[in-house]
Amino acid sequence: MLDRLSMEGRVVLITGGGTGLGLAMVRALARAGATISIAGRRQAPIDAAAAEVEALGRKSLAISTDVTNSAQVDHLVAATVEQFGQVDVLINNAGAVQENVTKPIWDISDSEWSQVMDVNLTGAFYCARAAAKVMSERSSGKIINVASGFGLRAGRDIYMYCCSKGGMIQLTRVLSFSLARYGITANSIVPGFIPTASTESDIRDTLPRSGDFLPTGKLGRPEDLGPLAVFLSSPASDYMTGEMFIADGGGLAGGITPTGHAPVIPLEA
C-alpha cells in the first residue's frame with residue numbers, strides 16, 4: 001500500500017519553496033523520492049533548498065521566479081520540462097504575507113490591494129495555466145494550491161489576504177472541474193495559522209500567540225504539511241479532485257475565529 005505514496009520518477013514544481021511551509025514540503029517530497037524544481041523570488045533560499053534535495057540523492061533545480069510575471073512563469077515551466085522532461089505536480093505555494101497590511105478599507109491603496117492579489121491569486125493562475133498545458137499533453141498531472149483558513153472566514157481588516165486565499169480555493173474548484181477531462185486533478189491545502197518567519201508582519205497582532213484557542217491546544221508547524229503534500233502529489237490521491245484538505249488543529253471545526261478575544265465567555269451561576 002505504501003508504494004502508492006512513493007514519488008519516485010515524479011517531477012514536482014513548487015513555488016515559494018525556499019522557506020517556511022514550502023521548504024517543509026520540499027523536504028518531505030524529496031524524502032519520498034521526488035525530483036523537485038524550486039521557484040522563489042530570492043535565489044539564495046531556493047539554492048539552499050535544492051542543495052538539501054540533492055543531499056538526499058534526488059535531482060533538483062532552483063529558478064528565481066516572480067510569479068506575478070507571466071513570462072517568468074512560462075520560463076519556469078519550460079526550464080523544468082527541458083531539465084527533467086515533464087511536470088507531474090504543481091504546488092502553488094508562493095504567497096505575500098509580509099506585504100499584508102491591516103487598515104480600514106478606505107485607507108487601502110490600489111497598489112497594496114494589487115500586490116497581494118497578484119502574488120497569491122494571479123500568480124497561482126499563471127502557474128496553473130502554464131503547467132496545465134504541459135500536463136494535458138501527457139493526460140496526467142496534479143495541481144495543489146496552498147490556501148488558508150482565512151480563505152474560508154474573515155480576518156479583521158485583512159482584506160487582501162482573505163480575498164486572495166478565498167479566490168485560490170475557488171480557482172481549485174474551477175481547475176478540477178475543467179481539467180478532469182485531461183487527466184489533471186486539483187486540490188487545496190488549507191492550513192491554519194502556522195508561525196514562520198514570514199508571518200512576523202503587520203498582521204501578526206491579529207493572529208494567535210498560542211494554540212490555547214484550538215481543540216488540539218497547539219499551533220501547527222511547517223513540518224505538519226509535508227506528509228499532506230506528499231499524499232496529494234502521489235498516486236494515493238488519484239481519485240480526489242476539487243477538495244479542500246484542512247490542517248488547522250481543529251480551528252475551523254470548532255468554529256473559533258482567532259480575533260484575539262477569548263472564545264469562551266464565563267457562565268453565570
# chains A, B, ... in the order shown; residues from 1 in each chain; ligands from 1
$ residues_around --residues "Gly220 (chain A)" --least-positions-apart "4" --cutoff "9 Å" --atoms "only C-alpha atoms" --output "number ranges by chain"
A: 191-195, 211, 224-225, 247-249
$ select_by_dssp --residues "region 32-123 of chain A" --states "strand (DSSP E or B)" --output "NGL selection string"
:A and (35-40 or 60-64 or 89-92)
$ atom_distance --atom1 "CA of Arg221 (chain A)" --atom2 "CA of Thr15 (chain A)"
19.0 Å
$ select_by_dssp --residues "region 17-144 of chain A" --states "helix (DSSP H, G or I)" --output "number ranges by chain"
A: 20-31, 43-55, 70-84, 105-107, 110-138
$ residues_around --residues "Leu76 (chain A)" --least-positions-apart "2" --cutoff "8 Å" --atoms "only C-alpha atoms" --output "list of chain:residue names"
A:Ala39, A:Ile63, A:Thr65, A:Gln72, A:Val73, A:Asp74, A:Ala78, A:Ala79, A:Thr80
$ residues_around --residues "Gly166 (chain A)" --least-positions-apart "3" --cutoff "7 Å" --atoms "only C-alpha atoms" --output "compact mmCIF listing (two decimals) with N, CA and C atoms, in the first residue's frame"
# COMPACT_ATOMS: atom_id res chain seq x y z
N GLY A 151 -9.18 31.98 3.93
CA GLY A 151 -9.94 31.93 2.70
C GLY A 151 -11.36 31.46 2.91
N LEU A 152 -11.64 30.99 4.13
CA LEU A 152 -12.97 30.48 4.46
C LEU A 152 -13.68 31.32 5.50
N CYS A 162 -7.38 37.54 2.88
CA CYS A 162 -8.60 36.73 2.92
C CYS A 162 -9.21 36.56 1.53
N CYS A 163 -9.30 37.63 0.79
CA CYS A 163 -9.92 37.57 -0.54
C CYS A 163 -9.10 36.74 -1.51
N ILE A 169 -9.09 28.99 -3.39
CA ILE A 169 -9.97 27.83 -3.19
C ILE A 169 -10.94 27.70 -4.35
N GLN A 170 -11.49 28.81 -4.81
CA GLN A 170 -12.41 28.76 -5.95
C GLN A 170 -11.66 28.43 -7.24
$ closest_residue --among "A:Gly17, A:Gly167, A:Gly57, A:Gly95" --to "Ile38 (chain A)" --atoms "only C-alpha atoms"
A:Gly17
$ atom_distance --atom1 "CA of Ala48 (chain A)" --atom2 "CA of Ile189 (chain A)"
24.5 Å
$ closest_residue --among "A:Asp66, A:Asp47, A:Glu8, A:Glu243" --to "Val146 (chain A)" --atoms "only C-alpha atoms"
A:Glu243
$ closest_residue --among "A:Ala154, A:Ile184, A:Ile144, A:Ala236" --to "Leu171 (chain A)" --atoms "only C-alpha atoms"
A:Ile144
$ residues_around --residues "Val26 (chain A)" --least-positions-apart "4" --cutoff "10 Å" --atoms "only C-alpha atoms" --output "list of chain:residue names"
A:Val12, A:Leu13, A:Ile14, A:Gly16, A:Gly17, A:Gly18, A:Thr19, A:Leu21, A:Gly22, A:Ala30, A:Arg31, A:Ala32, A:Ala34, A:Thr35, A:Ile36, A:Ser37, A:Ile38, A:Ala49, A:Ala50, A:Glu52, A:Val53, A:Gly226, A:Ala229, A:Val230
$ atom_distance --atom1 "CA of Cys127 (chain A)" --atom2 "CA of Leu29 (chain A)"
19.3 Å
$ closest_residue --among "A:Val87, A:Ala71, A:Met160, A:Ala24" --to "Asp118 (chain A)" --atoms "only C-alpha atoms"
A:Met160
$ residues_around --residues "Gln115 (chain A)" --least-positions-apart "3" --cutoff "9 Å" --atoms "only C-alpha atoms" --output "JSON, numbers by chain"
{"A": [68, 96, 99, 100, 110, 111, 112, 118, 119, 120, 160]}
$ closest_residue --among "A:Gln86, A:Asn93, A:Asn69, A:Ser148" --to "Gly9 (chain A)" --atoms "only C-alpha atoms"
A:Gln86
$ closest_residue --among "A:Asp3, A:Ile46, A:Ala94, A:His75" --to "Val116 (chain A)" --atoms "only C-alpha atoms"
A:Ala94
